[in-house]
Every structure is written in structure tokens, then in C-alpha cells.
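Note: the block below is input_33.cif and it holds mmCIF, C-alpha atoms.
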```
data_entry
loop_
_atom_site.label_atom_id
_atom_site.label_comp_id
_atom_site.auth_asym_id
_atom_site.auth_seq_id
_atom_site.Cartn_x
_atom_site.Cartn_y
_atom_site.Cartn_z
CA MET U 1048 16.39 3.48 -30.09
CA GLU U 1049 12.90 3.07 -31.46
CA LYS U 1050 9.99 4.38 -29.50
CA GLN U 1051 7.93 1.29 -28.75
CA LEU U 1052 4.76 1.80 -26.75
CA HIS U 1053 1.88 1.48 -26.04
CA LEU U 1054 -1.35 -0.44 -25.64
CA ASN U 1055 0.78 -2.62 -23.43
CA LEU U 1056 1.27 -4.61 -26.58
CA LEU U 1057 4.16 -3.50 -28.71
CA PRO U 1058 7.35 -5.47 -28.10
CA SER U 1059 9.40 -4.28 -25.17
CA ARG U 1060 12.94 -3.02 -25.56
CA PRO U 1061 15.52 -5.83 -25.79
CA PRO U 1062 16.21 -7.25 -22.32
CA MET U 1063 19.10 -5.58 -20.52
CA ALA U 1064 21.35 -6.96 -17.85
CA GLY U 1065 19.52 -6.66 -14.55
CA GLY U 1066 16.18 -6.15 -16.30
CA PHE U 1067 14.54 -8.84 -14.17
CA GLN U 1068 13.82 -8.19 -10.53
CA SER U 1069 16.56 -9.72 -8.44
CA SER U 1070 13.98 -11.69 -6.48
CA SER U 1071 12.76 -13.27 -9.70
CA LYS U 1072 16.12 -14.00 -11.30
CA MET U 1073 17.06 -17.63 -11.57
CA LYS U 1074 20.60 -18.72 -12.33
CA MET U 1075 20.59 -21.10 -15.22
CA GLY U 1076 23.11 -23.92 -15.20
CA PRO U 1077 23.28 -26.88 -17.59
CA GLY U 1078 20.09 -28.90 -17.36
CA ARG U 1079 18.51 -26.42 -14.90
CA LYS U 1080 15.11 -25.15 -16.02
CA ARG U 1081 13.00 -22.18 -15.07
CA ASP U 1082 9.69 -22.75 -13.35
CA PHE U 1083 6.88 -21.47 -15.60
CA SER U 1084 4.05 -22.83 -13.46
CA PRO U 1085 1.22 -20.34 -12.74
CA LEU U 1086 0.80 -18.64 -9.36
CA SER U 1087 -2.54 -17.89 -7.68
CA TRP U 1088 -3.99 -14.40 -7.16
CA SER U 1089 -4.51 -15.29 -3.48
CA GLN U 1090 -0.77 -15.07 -2.83
CA TYR U 1091 -0.94 -11.32 -3.57
CA PHE U 1092 -4.49 -10.09 -2.84
CA GLU U 1093 -6.67 -10.67 0.21
CA THR U 1094 -10.03 -10.98 -1.53
CA MET U 1095 -11.60 -11.37 -4.97
CA GLU U 1096 -15.17 -10.34 -5.74
CA ASP U 1097 -17.53 -9.66 -8.61
CA VAL U 1098 -19.12 -6.21 -8.55
CA GLU U 1099 -22.55 -5.89 -10.20
CA VAL U 1100 -23.23 -2.63 -12.01
CA GLU U 1101 -26.66 -1.70 -13.39
CA ASN U 1102 -26.95 -0.32 -16.92
CA GLU U 1103 -29.62 0.15 -19.60
CA ASN U 1104 -29.21 -3.41 -20.90
CA GLY U 1105 -29.14 -5.19 -17.56
CA LYS U 1106 -26.20 -5.95 -15.30
CA ASP U 1107 -22.47 -5.85 -15.96
CA ILE U 1108 -20.17 -7.80 -13.64
CA PHE U 1109 -16.67 -6.48 -12.93
CA ARG U 1110 -14.03 -8.67 -11.30
CA VAL U 1111 -12.02 -6.87 -8.62
CA TYR U 1112 -9.14 -7.96 -6.37
CA CYS U 1113 -8.67 -6.17 -3.05
CA SER U 1114 -6.30 -5.82 -0.11
CA GLY U 1115 -6.45 -3.71 3.04
CA ALA U 1116 -9.21 -2.11 5.11
CA HIS U 1117 -7.78 1.30 6.07
CA GLY U 1118 -6.16 4.29 4.40
CA PRO U 1119 -6.58 5.77 0.92
CA VAL U 1120 -7.60 3.48 -1.93
CA LEU U 1121 -5.19 2.77 -4.78
CA LEU U 1122 -7.44 2.01 -7.75
CA LEU U 1123 -5.37 0.10 -10.31
CA LEU U 1124 -6.22 0.02 -14.03
CA HIS U 1125 -4.33 -2.39 -16.31
CA GLY U 1126 -3.17 -2.07 -19.91
CA GLY U 1127 -4.85 -3.35 -23.07
CA GLY U 1128 -5.09 -7.15 -23.23
CA HIS U 1129 -3.92 -7.55 -19.64
CA SER U 1130 -5.94 -7.90 -16.43
CA ALA U 1131 -5.95 -6.84 -12.79
CA LEU U 1132 -3.49 -9.67 -12.13
CA SER U 1133 -0.74 -7.61 -13.80
CA TRP U 1134 -0.77 -5.60 -10.54
CA ALA U 1135 -0.39 -8.63 -8.24
CA VAL U 1136 3.31 -8.40 -7.37
CA PHE U 1137 3.16 -4.58 -7.18
CA THR U 1138 0.21 -4.85 -4.76
CA ALA U 1139 2.15 -7.06 -2.35
CA VAL U 1140 5.08 -4.61 -2.44
CA ILE U 1141 3.15 -1.33 -2.05
CA PHE U 1142 1.05 -2.86 0.72
CA SER U 1143 4.23 -3.53 2.68
CA ARG U 1144 5.38 0.09 2.35
CA ILE U 1145 2.45 2.41 3.07
CA ASN U 1146 -0.90 2.42 4.85
CA CYS U 1147 -3.40 1.95 2.03
CA ARG U 1148 -6.11 -0.15 0.46
CA VAL U 1149 -5.77 -1.66 -3.01
CA VAL U 1150 -8.51 -2.31 -5.57
CA ALA U 1151 -7.40 -3.78 -8.91
CA MET U 1152 -10.18 -4.29 -11.45
CA ASP U 1153 -10.55 -6.16 -14.72
CA LEU U 1154 -11.67 -3.56 -17.23
CA ARG U 1155 -14.54 -4.11 -19.65
CA ALA U 1156 -14.01 -7.16 -21.93
CA HIS U 1157 -10.80 -8.05 -20.07
CA GLY U 1158 -9.92 -10.73 -17.54
CA ASP U 1159 -12.98 -12.22 -15.81
CA THR U 1160 -15.21 -9.17 -16.18
CA LYS U 1161 -18.48 -9.93 -18.02
CA VAL U 1162 -20.42 -7.09 -19.67
CA LYS U 1163 -23.47 -6.99 -21.96
CA ASN U 1164 -21.60 -5.04 -24.64
CA PRO U 1165 -17.94 -6.17 -24.61
CA ASN U 1166 -17.34 -4.57 -28.01
CA ASP U 1167 -17.72 -1.02 -26.67
CA LEU U 1168 -14.24 -0.08 -25.49
CA SER U 1169 -14.58 3.66 -25.96
CA ALA U 1170 -12.76 5.87 -23.47
CA ASP U 1171 -16.08 7.42 -22.37
CA THR U 1172 -17.73 4.06 -21.64
CA MET U 1173 -14.72 2.66 -19.82
CA ALA U 1174 -14.32 5.81 -17.72
CA LYS U 1175 -18.00 5.58 -16.71
CA ASP U 1176 -17.44 1.93 -15.75
CA ILE U 1177 -14.78 3.04 -13.26
CA GLY U 1178 -17.12 5.54 -11.64
CA LYS U 1179 -19.94 2.97 -11.37
CA VAL U 1180 -17.70 0.34 -9.77
CA VAL U 1181 -16.46 2.90 -7.21
CA GLU U 1182 -20.07 3.86 -6.45
CA VAL U 1183 -21.12 0.24 -5.87
CA LEU U 1184 -18.09 -0.44 -3.69
CA TYR U 1185 -18.32 2.69 -1.51
CA GLY U 1186 -21.74 4.30 -1.96
CA ASP U 1187 -22.20 8.04 -1.59
CA ASN U 1188 -19.23 8.54 0.71
CA PRO U 1189 -16.17 7.02 -0.98
CA PRO U 1190 -12.77 7.19 0.73
CA PRO U 1191 -9.92 9.20 -0.81
CA ILE U 1192 -8.89 7.44 -4.04
CA MET U 1193 -5.62 7.55 -5.97
CA VAL U 1194 -6.11 6.27 -9.52
CA ILE U 1195 -3.13 4.50 -11.09
CA GLY U 1196 -3.21 3.30 -14.68
CA HIS U 1197 -0.77 1.61 -17.03
CA SER U 1198 -0.80 2.20 -20.81
CA MET U 1199 -4.44 1.93 -21.97
CA GLY U 1200 -5.41 1.92 -18.29
CA GLY U 1201 -3.42 5.12 -17.82
CA ALA U 1202 -5.38 6.76 -20.61
CA ILE U 1203 -8.66 5.59 -19.06
CA ALA U 1204 -7.49 6.88 -15.66
CA VAL U 1205 -6.98 10.35 -17.17
CA HIS U 1206 -10.41 10.28 -18.87
CA THR U 1207 -12.00 9.14 -15.58
CA ALA U 1208 -10.33 11.93 -13.62
CA ALA U 1209 -11.11 14.61 -16.23
CA ALA U 1210 -14.81 13.64 -16.29
CA ASN U 1211 -14.97 13.74 -12.46
CA HIS U 1212 -16.36 10.21 -12.20
CA ILE U 1213 -14.56 9.84 -8.85
CA PRO U 1214 -15.59 12.73 -6.56
CA SER U 1215 -13.07 11.75 -3.87
CA LEU U 1216 -10.11 11.69 -6.26
CA LEU U 1217 -6.88 12.26 -4.37
CA GLY U 1218 -4.26 11.98 -7.10
CA LEU U 1219 -3.42 10.48 -10.48
CA CYS U 1220 -0.53 8.25 -11.55
CA VAL U 1221 0.01 7.34 -15.20
CA ILE U 1222 2.55 4.67 -16.14
CA ASP U 1223 4.33 4.68 -19.52
CA VAL U 1224 1.69 6.21 -21.73
CA VAL U 1225 2.24 9.50 -23.56
CA GLU U 1226 0.03 10.85 -26.30
CA GLY U 1227 2.72 11.61 -28.89
CA THR U 1228 4.52 8.27 -28.84
CA ALA U 1229 1.27 6.32 -28.40
CA MET U 1230 -0.23 7.91 -31.52
CA ASP U 1231 2.98 7.18 -33.46
CA ALA U 1232 2.87 3.54 -32.38
CA LEU U 1233 -0.69 2.90 -33.59
CA ASN U 1234 0.41 2.50 -37.21
CA SER U 1235 2.45 -0.59 -36.39
CA MET U 1236 0.05 -2.06 -33.84
CA GLN U 1237 -1.73 -4.49 -36.17
CA ASN U 1238 1.61 -5.83 -37.41
CA PHE U 1239 2.65 -6.54 -33.84
CA LEU U 1240 -0.64 -8.26 -33.03
CA ARG U 1241 -0.24 -10.49 -36.09
CA SER U 1242 3.28 -11.42 -35.00
CA ARG U 1243 2.17 -12.91 -31.67
CA PRO U 1244 1.37 -16.61 -31.32
CA LYS U 1245 -2.38 -17.18 -31.75
CA THR U 1246 -2.52 -20.07 -29.27
CA PHE U 1247 -0.46 -21.85 -26.62
CA LYS U 1248 -0.56 -25.52 -25.70
CA SER U 1249 -0.76 -24.68 -21.98
CA LEU U 1250 -0.75 -21.79 -19.54
CA GLU U 1251 2.89 -22.66 -18.74
CA ASN U 1252 3.66 -22.35 -22.44
CA ALA U 1253 2.09 -18.85 -22.49
CA ILE U 1254 4.08 -17.80 -19.41
CA GLU U 1255 7.27 -19.07 -21.05
CA TRP U 1256 6.55 -17.08 -24.21
CA SER U 1257 5.81 -13.88 -22.27
CA VAL U 1258 9.16 -14.05 -20.47
CA LYS U 1259 11.36 -15.21 -23.34
CA SER U 1260 9.84 -12.72 -25.80
CA GLY U 1261 10.52 -9.87 -23.35
CA GLN U 1262 6.86 -8.88 -22.93
CA ILE U 1263 7.22 -9.37 -19.17
CA ARG U 1264 10.73 -9.36 -17.70
CA ASN U 1265 9.82 -10.44 -14.20
CA MET U 1266 9.29 -14.20 -13.93
CA GLU U 1267 7.16 -13.97 -10.79
CA SER U 1268 4.81 -11.40 -12.30
CA ALA U 1269 4.47 -13.38 -15.53
CA ARG U 1270 3.49 -16.49 -13.57
CA VAL U 1271 0.56 -14.72 -11.89
CA SER U 1272 -0.50 -12.27 -14.63
CA MET U 1273 -0.54 -14.38 -17.82
CA GLY U 1274 -3.58 -16.27 -16.55
CA GLY U 1275 -5.49 -13.02 -16.97
CA GLN U 1276 -4.36 -12.62 -20.58
CA VAL U 1277 -5.20 -16.06 -21.96
CA LYS U 1278 -8.07 -18.55 -21.65
CA LYS U 1279 -8.78 -22.14 -22.64
CA CYS U 1280 -10.27 -22.57 -26.10
CA GLU U 1281 -12.00 -25.40 -27.89
CA GLU U 1282 -10.15 -25.29 -31.23
CA SER U 1283 -8.59 -28.60 -32.30
CA THR U 1284 -4.92 -28.70 -31.34
CA SER U 1285 -4.10 -30.75 -34.42
CA SER U 1286 -4.70 -27.78 -36.73
CA PRO U 1287 -1.64 -26.30 -38.50
CA ALA U 1288 -2.17 -22.87 -36.95
CA VAL U 1289 -1.99 -24.30 -33.45
CA SER U 1290 1.06 -26.43 -34.17
CA LYS U 1291 2.86 -23.41 -35.62
CA SER U 1292 2.09 -21.20 -32.62
CA ILE U 1293 3.19 -23.84 -30.14
CA GLU U 1294 6.51 -24.19 -31.89
CA GLY U 1295 6.91 -20.41 -31.78
CA VAL U 1296 8.14 -20.27 -28.19
CA ILE U 1297 11.66 -18.90 -28.14
CA GLU U 1298 14.20 -21.47 -26.99
CA GLU U 1299 17.16 -20.46 -24.86
CA GLU U 1300 20.43 -21.15 -26.64
CA GLU U 1301 22.09 -22.46 -23.54
CA GLU U 1302 19.50 -25.21 -23.18
CA GLU U 1303 19.35 -26.35 -26.79
CA ASP U 1304 22.52 -28.46 -26.95
CA VAL U 1305 22.05 -30.06 -23.55
CA GLU U 1306 18.46 -31.10 -24.17
CA GLU U 1307 18.33 -31.75 -27.91
CA GLU U 1308 17.90 -35.52 -27.60
CA SER U 1309 15.37 -35.36 -24.78
CA ASN U 1310 13.46 -32.75 -26.76
CA LYS U 1311 13.13 -35.14 -29.70
CA LYS U 1312 11.72 -37.81 -27.41
CA ARG U 1313 9.40 -35.32 -25.77
CA MET U 1314 8.15 -34.09 -29.15
CA LYS U 1315 7.08 -37.62 -30.06
CA GLU U 1316 5.26 -37.96 -26.76
CA ASP U 1317 3.71 -34.52 -27.24
CA ASP U 1318 2.47 -35.50 -30.70
CA GLN U 1319 0.67 -38.45 -29.15
CA GLU U 1320 -0.76 -36.48 -26.26
CA ILE U 1321 -1.45 -33.11 -27.90
CA LYS U 1322 -5.01 -33.97 -28.90
CA LYS U 1323 -5.85 -34.57 -25.25
CA GLU U 1324 -4.48 -31.21 -24.11
CA SER U 1325 -6.46 -28.02 -23.69
CA ILE U 1326 -5.00 -25.13 -25.64
CA PHE U 1327 -5.05 -21.47 -24.70
CA THR U 1328 -5.74 -18.33 -26.70
CA TRP U 1329 -5.88 -14.60 -25.95
CA ARG U 1330 -8.89 -13.45 -23.91
CA VAL U 1331 -9.16 -10.21 -25.89
CA ASP U 1332 -8.92 -9.91 -29.67
CA LEU U 1333 -7.21 -6.53 -29.61
CA SER U 1334 -7.10 -6.25 -33.40
CA LYS U 1335 -10.88 -5.72 -33.31
CA THR U 1336 -10.58 -2.75 -30.95
CA GLU U 1337 -8.68 -0.58 -33.44
CA LYS U 1338 -11.50 1.94 -33.91
CA TYR U 1339 -11.12 2.97 -30.25
CA TRP U 1340 -7.34 3.37 -30.12
CA GLU U 1341 -7.24 6.98 -31.25
CA GLY U 1342 -9.98 7.92 -28.79
CA TRP U 1343 -7.93 6.57 -25.89
CA PHE U 1344 -4.86 8.67 -26.70
CA ARG U 1345 -5.83 11.74 -28.78
CA GLY U 1346 -5.63 14.87 -26.61
CA LEU U 1347 -4.39 12.84 -23.63
CA SER U 1348 -1.47 15.12 -22.68
CA ALA U 1349 -3.65 18.24 -22.45
CA LEU U 1350 -6.30 16.30 -20.53
CA PHE U 1351 -3.69 14.98 -18.09
CA LEU U 1352 -2.31 18.48 -17.48
CA THR U 1353 -5.75 19.91 -16.73
CA CYS U 1354 -6.64 17.34 -14.04
CA PRO U 1355 -6.74 19.41 -10.83
CA VAL U 1356 -5.02 16.87 -8.55
CA PRO U 1357 -1.37 16.04 -7.83
CA LYS U 1358 -0.02 13.96 -10.73
CA LEU U 1359 2.81 11.46 -11.17
CA LEU U 1360 4.09 10.20 -14.52
CA LEU U 1361 6.31 7.11 -14.53
CA LEU U 1362 8.13 6.29 -17.77
CA ALA U 1363 10.38 3.52 -19.07
CA GLY U 1364 12.50 6.09 -20.92
CA VAL U 1365 12.84 9.85 -21.44
CA ASP U 1366 12.26 9.40 -25.17
CA ARG U 1367 8.59 8.77 -24.32
CA LEU U 1368 7.95 12.45 -23.46
CA ASP U 1369 6.07 14.56 -26.01
CA LYS U 1370 6.10 18.36 -26.44
CA ASP U 1371 3.09 19.20 -24.25
CA LEU U 1372 4.35 17.08 -21.38
CA THR U 1373 7.90 18.40 -21.71
CA ILE U 1374 6.58 21.95 -21.29
CA GLY U 1375 4.24 20.92 -18.48
CA GLN U 1376 7.03 19.16 -16.64
CA MET U 1377 9.28 22.24 -16.92
CA GLN U 1378 6.43 24.29 -15.46
CA GLY U 1379 6.13 21.90 -12.51
CA LYS U 1380 2.60 20.77 -13.36
CA PHE U 1381 3.37 17.15 -12.49
CA GLN U 1382 6.10 14.98 -11.05
CA MET U 1383 7.96 12.65 -13.42
CA GLN U 1384 10.27 9.74 -12.80
CA VAL U 1385 12.10 7.57 -15.34
CA LEU U 1386 12.70 3.94 -14.44
CA PRO U 1387 15.47 2.60 -16.70
CA GLN U 1388 16.05 -1.05 -17.58
CA CYS U 1389 12.33 -1.71 -17.79
CA GLY U 1390 10.13 -2.73 -20.68
CA HIS U 1391 6.73 -1.18 -21.29
CA ALA U 1392 5.15 -3.25 -18.48
CA VAL U 1393 7.02 -1.13 -15.93
CA HIS U 1394 4.96 -2.14 -12.88
CA GLU U 1395 5.49 -5.83 -13.70
CA ASP U 1396 9.18 -5.59 -14.61
CA ALA U 1397 10.14 -3.44 -11.61
CA PRO U 1398 7.31 -3.55 -9.03
CA GLU U 1399 9.61 -2.46 -6.20
CA LYS U 1400 10.83 0.65 -8.06
CA VAL U 1401 7.26 1.62 -9.01
CA ALA U 1402 6.08 1.05 -5.43
CA ASP U 1403 8.94 3.16 -4.06
CA ALA U 1404 8.15 6.03 -6.44
CA LEU U 1405 4.43 5.92 -5.64
CA ALA U 1406 4.92 5.56 -1.88
CA THR U 1407 7.28 8.53 -1.78
CA PHE U 1408 4.86 10.62 -3.88
CA MET U 1409 1.88 9.82 -1.63
CA VAL U 1410 3.74 10.45 1.63
CA ARG U 1411 5.18 13.72 0.29
CA HIS U 1412 1.65 14.92 -0.48
CA LYS U 1413 0.48 13.73 2.96
CA PHE U 1414 -2.00 11.26 1.41
CA THR U 1415 -0.76 8.54 3.77
CA ASP U 1416 2.17 7.44 5.94
CA PHE U 1417 4.86 4.82 5.65
CA LYS U 1418 4.06 1.67 7.58
CA GLU U 1419 5.67 1.39 11.01
CA GLY U 1420 9.02 -0.30 10.74
CA TYR U 1421 9.41 0.30 6.99
CA LEU U 1422 12.76 1.92 6.21
CA CYS U 1423 12.47 4.03 3.06
#
```
Translate the structure described by the file into C-alpha cells.
Amino acid sequence: MEKQLHLNLLPSRPPMAGGFQSSSKMKMGPGRKRDFSPLSWSQYFETMEDVEVENENGKDIFRVYCSGAHGPVLLLLHGGGHSALSWAVFTAVIFSRINCRVVAMDLRAHGDTKVKNPNDLSADTMAKDIGKVVEVLYGDNPPPIMVIGHSMGGAIAVHTAAANHIPSLLGLCVIDVVEGTAMDALNSMQNFLRSRPKTFKSLENAIEWSVKSGQIRNMESARVSMGGQVKKCEESTSSPAVSKSIEGVIEEEEEEDVEEESNKKRMKEDDQEIKKESIFTWRVDLSKTEKYWEGWFRGLSALFLTCPVPKLLLLAGVDRLDKDLTIGQMQGKFQMQVLPQCGHAVHEDAPEKVADALATFMVRHKFTDFKEGYLC
């Protein structure tokens, strides 16, 4: 099986039976359709705020979503091209299991964060951003903080921890990012980015693509997180490029025969209405960030192993492990858990499994306690 990682971008492994969360599975009968309508952040987080950070050029504004008022802080860092909303379903689950606070932030140039220099996505700059946001949120006496990052966010979490930007760092959790396989994947990254649709005729259309293409295997998570990946754009929907991308959504075979005639009718109606519709495109042009990719991942395994806090590595498959981490794991330098039947977006595909692994890790290290009444 090919090793497919790793900016949270390369195509996930082919969907397996049971790959969706049971709570998000929908039985499909003839004529029955899935609901691709978007869900609001407020169903998963308690508050949303914009954090102002001073820099040499003025002020940067970072969007953060929060839950909880007591216990250690789980600081959540998303993957490349995604946003804090990719943590929405996970947040609701982990919050039901342990006593904690959650802060999920949109990283520089992602989601609804607005910075003066969105083109600087170097590991050093992004790690400093994390430290500044923590300082604004908590001042000189921050609470204990566990940093959790997925893919690119996992790399930035390691750089943040290694540079000691969070003095109250409690622990580190990295999800499905390993230096060796990430570096191998960079060669094919541009090809993957070119293969994605450039635009979508609606947010529902983008959600449908994310699920049917296998990028996100949990319907519920896709419905809340895709809004952080795409935005409305002004380009004319009558252009060939837009038409092509809209047609690129993968159709389910079981629906094609049943709905062929109604589809033809709908296509005529769509042709008439399409000029009135807003279309959506990706918020981040990841192809332009290529010069930073190597800096995110080069030397990451050694850096991870030297971080002087308890560490947890969650992977979608054992084939992700590189030599340095294999040796480190044998020496007991970190805890590792493999979560099978997941794509690369592990925390979206299986939020309950990730929450269980993290809750157990934090309670074992006496960082927090299980919530009263929760049966682990």
C-alpha cells in the first residue's frame, strides 16, 4: 500500500468498510440522499473570538474557538489548507470525557485568521504565532497546556514545543505526520493539488466532494469543517474551468440509475440559475507554499524526540513510521497508537478513537481526570 501523507492534502487511502463513524453513517436506499448541508461551529464550541497579536507591521488577528473554563488547555493545530473547524467534532467528544479546556485556532493564512504577511508560512513564524496567541489569551501565568497538532499542524506543534514558546507546556500529541514519509510525499504534492477541483458551485457541493473523494470519511465532520477550507469567490460561474470543476463531484453508482432523468431536468435548471449562484474556491492556495514544505518536516523526528515532555504519536498506519521514530519508540521515548480504518484526517474520520487515546494518555500522566460519570 502506498504511503500517502501528509500536508493533510494527499488523497486518503481508499475507504474501508466501517471507515465512517457509526454516528455519521447513513443507510442509502433507492432515492434516499445524504444531507450535505453545512453545520455551525456553535454546535461544537462554546465561544469564538478574534485574538489580536502585535507585530512589527501592525496587528495580526487570529480566529480561535474555545470550550471550557477549568482544567488543562488542549491547544489544537490543524493541517495545511484546513482550519480550526476540523477539530469541531473531536472537541465535543473530548470535552465529554475529561476535565479540560479546548482552544482551536486558525493558523496564519488559514480559516478566518487575518495577518499582515499571509505569504510567510515558515515553521519559525508559525511557531512564534502560537506563542503570541497563548500570551494574549493567558498573560504571564498561562495554565498547563497540551499541544495537539495534525499533519502540518503537528509539525508546527513540534517546532513550537522545541523553541519553548509555551512555558507551561504539559505534553505534546502529533497526529499522522512523520518526517520520512512526509518528505517522500512532497514530490507528488503539486500533482495532487492540481487534481483537486478548483471551484465548487456551493458549500454543499464542496462538502459532497470531500466525502465522496475520501478526503474526510466522517459526514458530520465534513459538514462543519469544509466551511473553513473554502470561501466564496467572485469569478464568473459560466467560465469553462468552473463548469468542469462542478461536474467533477463523484457520483454514487447506486444513485445514478434511479435519478438519471431527474438529473437531466435539474441540469437544465442549473444551467439557467448558475449565473446567479455564488461559487466557492479554496481559502489557501497551497501550491504557492511549496518553498516552506521542507522546513516544516526536515529534522522533525529528531526534534520531536528531544522535546522534554510526555509525547503521544497517533498514526493512521504503521507504515508511516520512519527509522528515527522506530528506534525512539523501542526505547520508550514516546507513546504510539495506530488507528486503523482511518484516512489521513484521523481526528475527523475517527474523533471518538482519537479522543479515547488522548484522554487515556492525559489521565495516565495525571494531567487531568475523567469526568464524573464517564465510563472509560
Every residue with an atom at most 12 Å from (8.0, 14.1, -16.2) (file coordinates; all atoms listed in the file) is what I'm after, so could you write them as a CSV table (one decimal) with C-alpha atoms, in the frame of the given file?
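The file below, result_35.csv, is the result:
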```csv
chain,number,residue,atom,x,y,z
U,1220,CYS,CA,-0.5,8.2,-11.6
U,1221,VAL,CA,0.0,7.3,-15.2
U,1222,ILE,CA,2.6,4.7,-16.1
U,1223,ASP,CA,4.3,4.7,-19.5
U,1224,VAL,CA,1.7,6.2,-21.7
U,1225,VAL,CA,2.2,9.5,-23.6
U,1348,SER,CA,-1.5,15.1,-22.7
U,1351,PHE,CA,-3.7,15.0,-18.1
U,1352,LEU,CA,-2.3,18.5,-17.5
U,1358,LYS,CA,0.0,14.0,-10.7
U,1359,LEU,CA,2.8,11.5,-11.2
U,1360,LEU,CA,4.1,10.2,-14.5
U,1361,LEU,CA,6.3,7.1,-14.5
U,1362,LEU,CA,8.1,6.3,-17.8
U,1363,ALA,CA,10.4,3.5,-19.1
U,1364,GLY,CA,12.5,6.1,-20.9
U,1365,VAL,CA,12.8,9.8,-21.4
U,1366,ASP,CA,12.3,9.4,-25.2
U,1367,ARG,CA,8.6,8.8,-24.3
U,1368,LEU,CA,8.0,12.4,-23.5
U,1369,ASP,CA,6.1,14.6,-26.0
U,1370,LYS,CA,6.1,18.4,-26.4
U,1371,ASP,CA,3.1,19.2,-24.2
U,1372,LEU,CA,4.4,17.1,-21.4
U,1373,THR,CA,7.9,18.4,-21.7
U,1374,ILE,CA,6.6,22.0,-21.3
U,1375,GLY,CA,4.2,20.9,-18.5
U,1376,GLN,CA,7.0,19.2,-16.6
U,1377,MET,CA,9.3,22.2,-16.9
U,1378,GLN,CA,6.4,24.3,-15.5
U,1379,GLY,CA,6.1,21.9,-12.5
U,1380,LYS,CA,2.6,20.8,-13.4
U,1381,PHE,CA,3.4,17.2,-12.5
U,1382,GLN,CA,6.1,15.0,-11.0
U,1383,MET,CA,8.0,12.6,-13.4
U,1384,GLN,CA,10.3,9.7,-12.8
U,1385,VAL,CA,12.1,7.6,-15.3
U,1386,LEU,CA,12.7,3.9,-14.4
```
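Rounded to one decimal, atom CA of Thr1353 of chain U and atom CA of Met1236 of chain U lie 28.4 Å from each other.
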What gap, in Å, lies between atom CA of His1394 of chain U and atom CA of Phe1137 of chain U? 6.5 Å
Using the chain letters and numbers from the file, which residues does the PyMOL selection byres ((chain U and resi 1115-1117) around 10) grab, as a PyMOL selection string? chain U and resi 1092-1094+1113-1114+1118-1120+1142+1146-1150+1190
Mind pulling up the distance from atom CA of Leu1217 of chain U to atom CA of Pro1191 of chain U?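 According to the coordinates, atom CA of Pro1191 of chain U and atom CA of Leu1217 of chain U are separated by 5.6 Å.
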Spatial neighbours of Leu1250 of chain U, 12 Å, only C-alpha atoms, chain gap at least 3 places, as number ranges by chain: U: 1083-1086, 1246-1247, 1253-1257, 1269-1280, 1293, 1324-1329
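Within 9 Å of the point (-5.9, -8.8, -32.0), and counting all atoms listed in the file, the protein, DNA and RNA residues are Gly1128, Gln1237, Leu1240, Arg1241, Trp1329, Val1331, Asp1332, Leu1333, Ser1334, Lys1335, Thr1336 and Glu1337 of chain U.
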Residues as selected, C-alpha atoms, written as a JSON list (two decimals), in the coordinates of the input, can you do that?
```json
[["chain", "number", "residue", "atom", "x", "y", "z"],
["U", 1128, "GLY", "CA", -5.09, -7.15, -23.23],
["U", 1237, "GLN", "CA", -1.73, -4.49, -36.17],
["U", 1240, "LEU", "CA", -0.64, -8.26, -33.03],
["U", 1241, "ARG", "CA", -0.24, -10.49, -36.09],
["U", 1329, "TRP", "CA", -5.88, -14.60, -25.95],
["U", 1331, "VAL", "CA", -9.16, -10.21, -25.89],
["U", 1332, "ASP", "CA", -8.92, -9.91, -29.67],
["U", 1333, "LEU", "CA", -7.21, -6.53, -29.61],
["U", 1334, "SER", "CA", -7.10, -6.25, -33.40],
["U", 1335, "LYS", "CA", -10.88, -5.72, -33.31],
["U", 1336, "THR", "CA", -10.58, -2.75, -30.95],
["U", 1337, "GLU", "CA", -8.68, -0.58, -33.44]]
```
Could you write out as an MDAnalysis selection string the residues that the PyMOL selection byres ((chain U and resi 1204) around 12) matches in the shown file? chainID U and resid 1121:1126 1154 1170:1171 1173:1178 1192:1203 1205:1213 1216 1218:1222 1224 1343:1344 1347 1350:1351 1354 1358
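With distances taken over all atoms listed in the file, U:Ser1143 is the one residue among U:Ser1143, U:Asn1188, U:Thr1160, U:Gln1262 lying closest to Asp1416 of chain U.
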Spatial neighbours of Ile1108 of chain U, max dist 8 Å, all atoms listed in the file, sep filter under 4 positions, as number ranges by chain: U: 1097-1100, 1160-1162
Output of the above residues as a compact mmCIF listing (two decimals), in the coordinates of the input, restricted to C-alpha atoms:
```txt
# COMPACT_ATOMS: atom_id res chain seq x y z
CA ASP U 1097 -17.53 -9.66 -8.61
CA VAL U 1098 -19.12 -6.21 -8.55
CA GLU U 1099 -22.55 -5.89 -10.20
CA VAL U 1100 -23.23 -2.63 -12.01
CA THR U 1160 -15.21 -9.17 -16.18
CA LYS U 1161 -18.48 -9.93 -18.02
CA VAL U 1162 -20.42 -7.09 -19.67
```
Counting all atoms listed in the file, the residue among U:Cys1389, U:Ala1229, U:Val1180, U:Met1409 that lies closest to Glu1101 of chain U is U:Val1180
Which residues fall under the PyMOL selection byres ((chain U and resi 1141) around 8) in this file, as a short mmCIF file (atom, residue, chain, number, x, y, z; two decimals) with C-alpha atoms, in the frame of the given file?
```
data_model
loop_
_atom_site.label_atom_id
_atom_site.label_comp_id
_atom_site.auth_asym_id
_atom_site.auth_seq_id
_atom_site.Cartn_x
_atom_site.Cartn_y
_atom_site.Cartn_z
CA PHE U 1137 3.16 -4.58 -7.18
CA THR U 1138 0.21 -4.85 -4.76
CA ALA U 1139 2.15 -7.06 -2.35
CA VAL U 1140 5.08 -4.61 -2.44
CA PHE U 1142 1.05 -2.86 0.72
CA SER U 1143 4.23 -3.53 2.68
CA ARG U 1144 5.38 0.09 2.35
CA ILE U 1145 2.45 2.41 3.07
CA GLU U 1399 9.61 -2.46 -6.20
CA ALA U 1402 6.08 1.05 -5.43
CA ASP U 1403 8.94 3.16 -4.06
CA ALA U 1406 4.92 5.56 -1.88
#
```
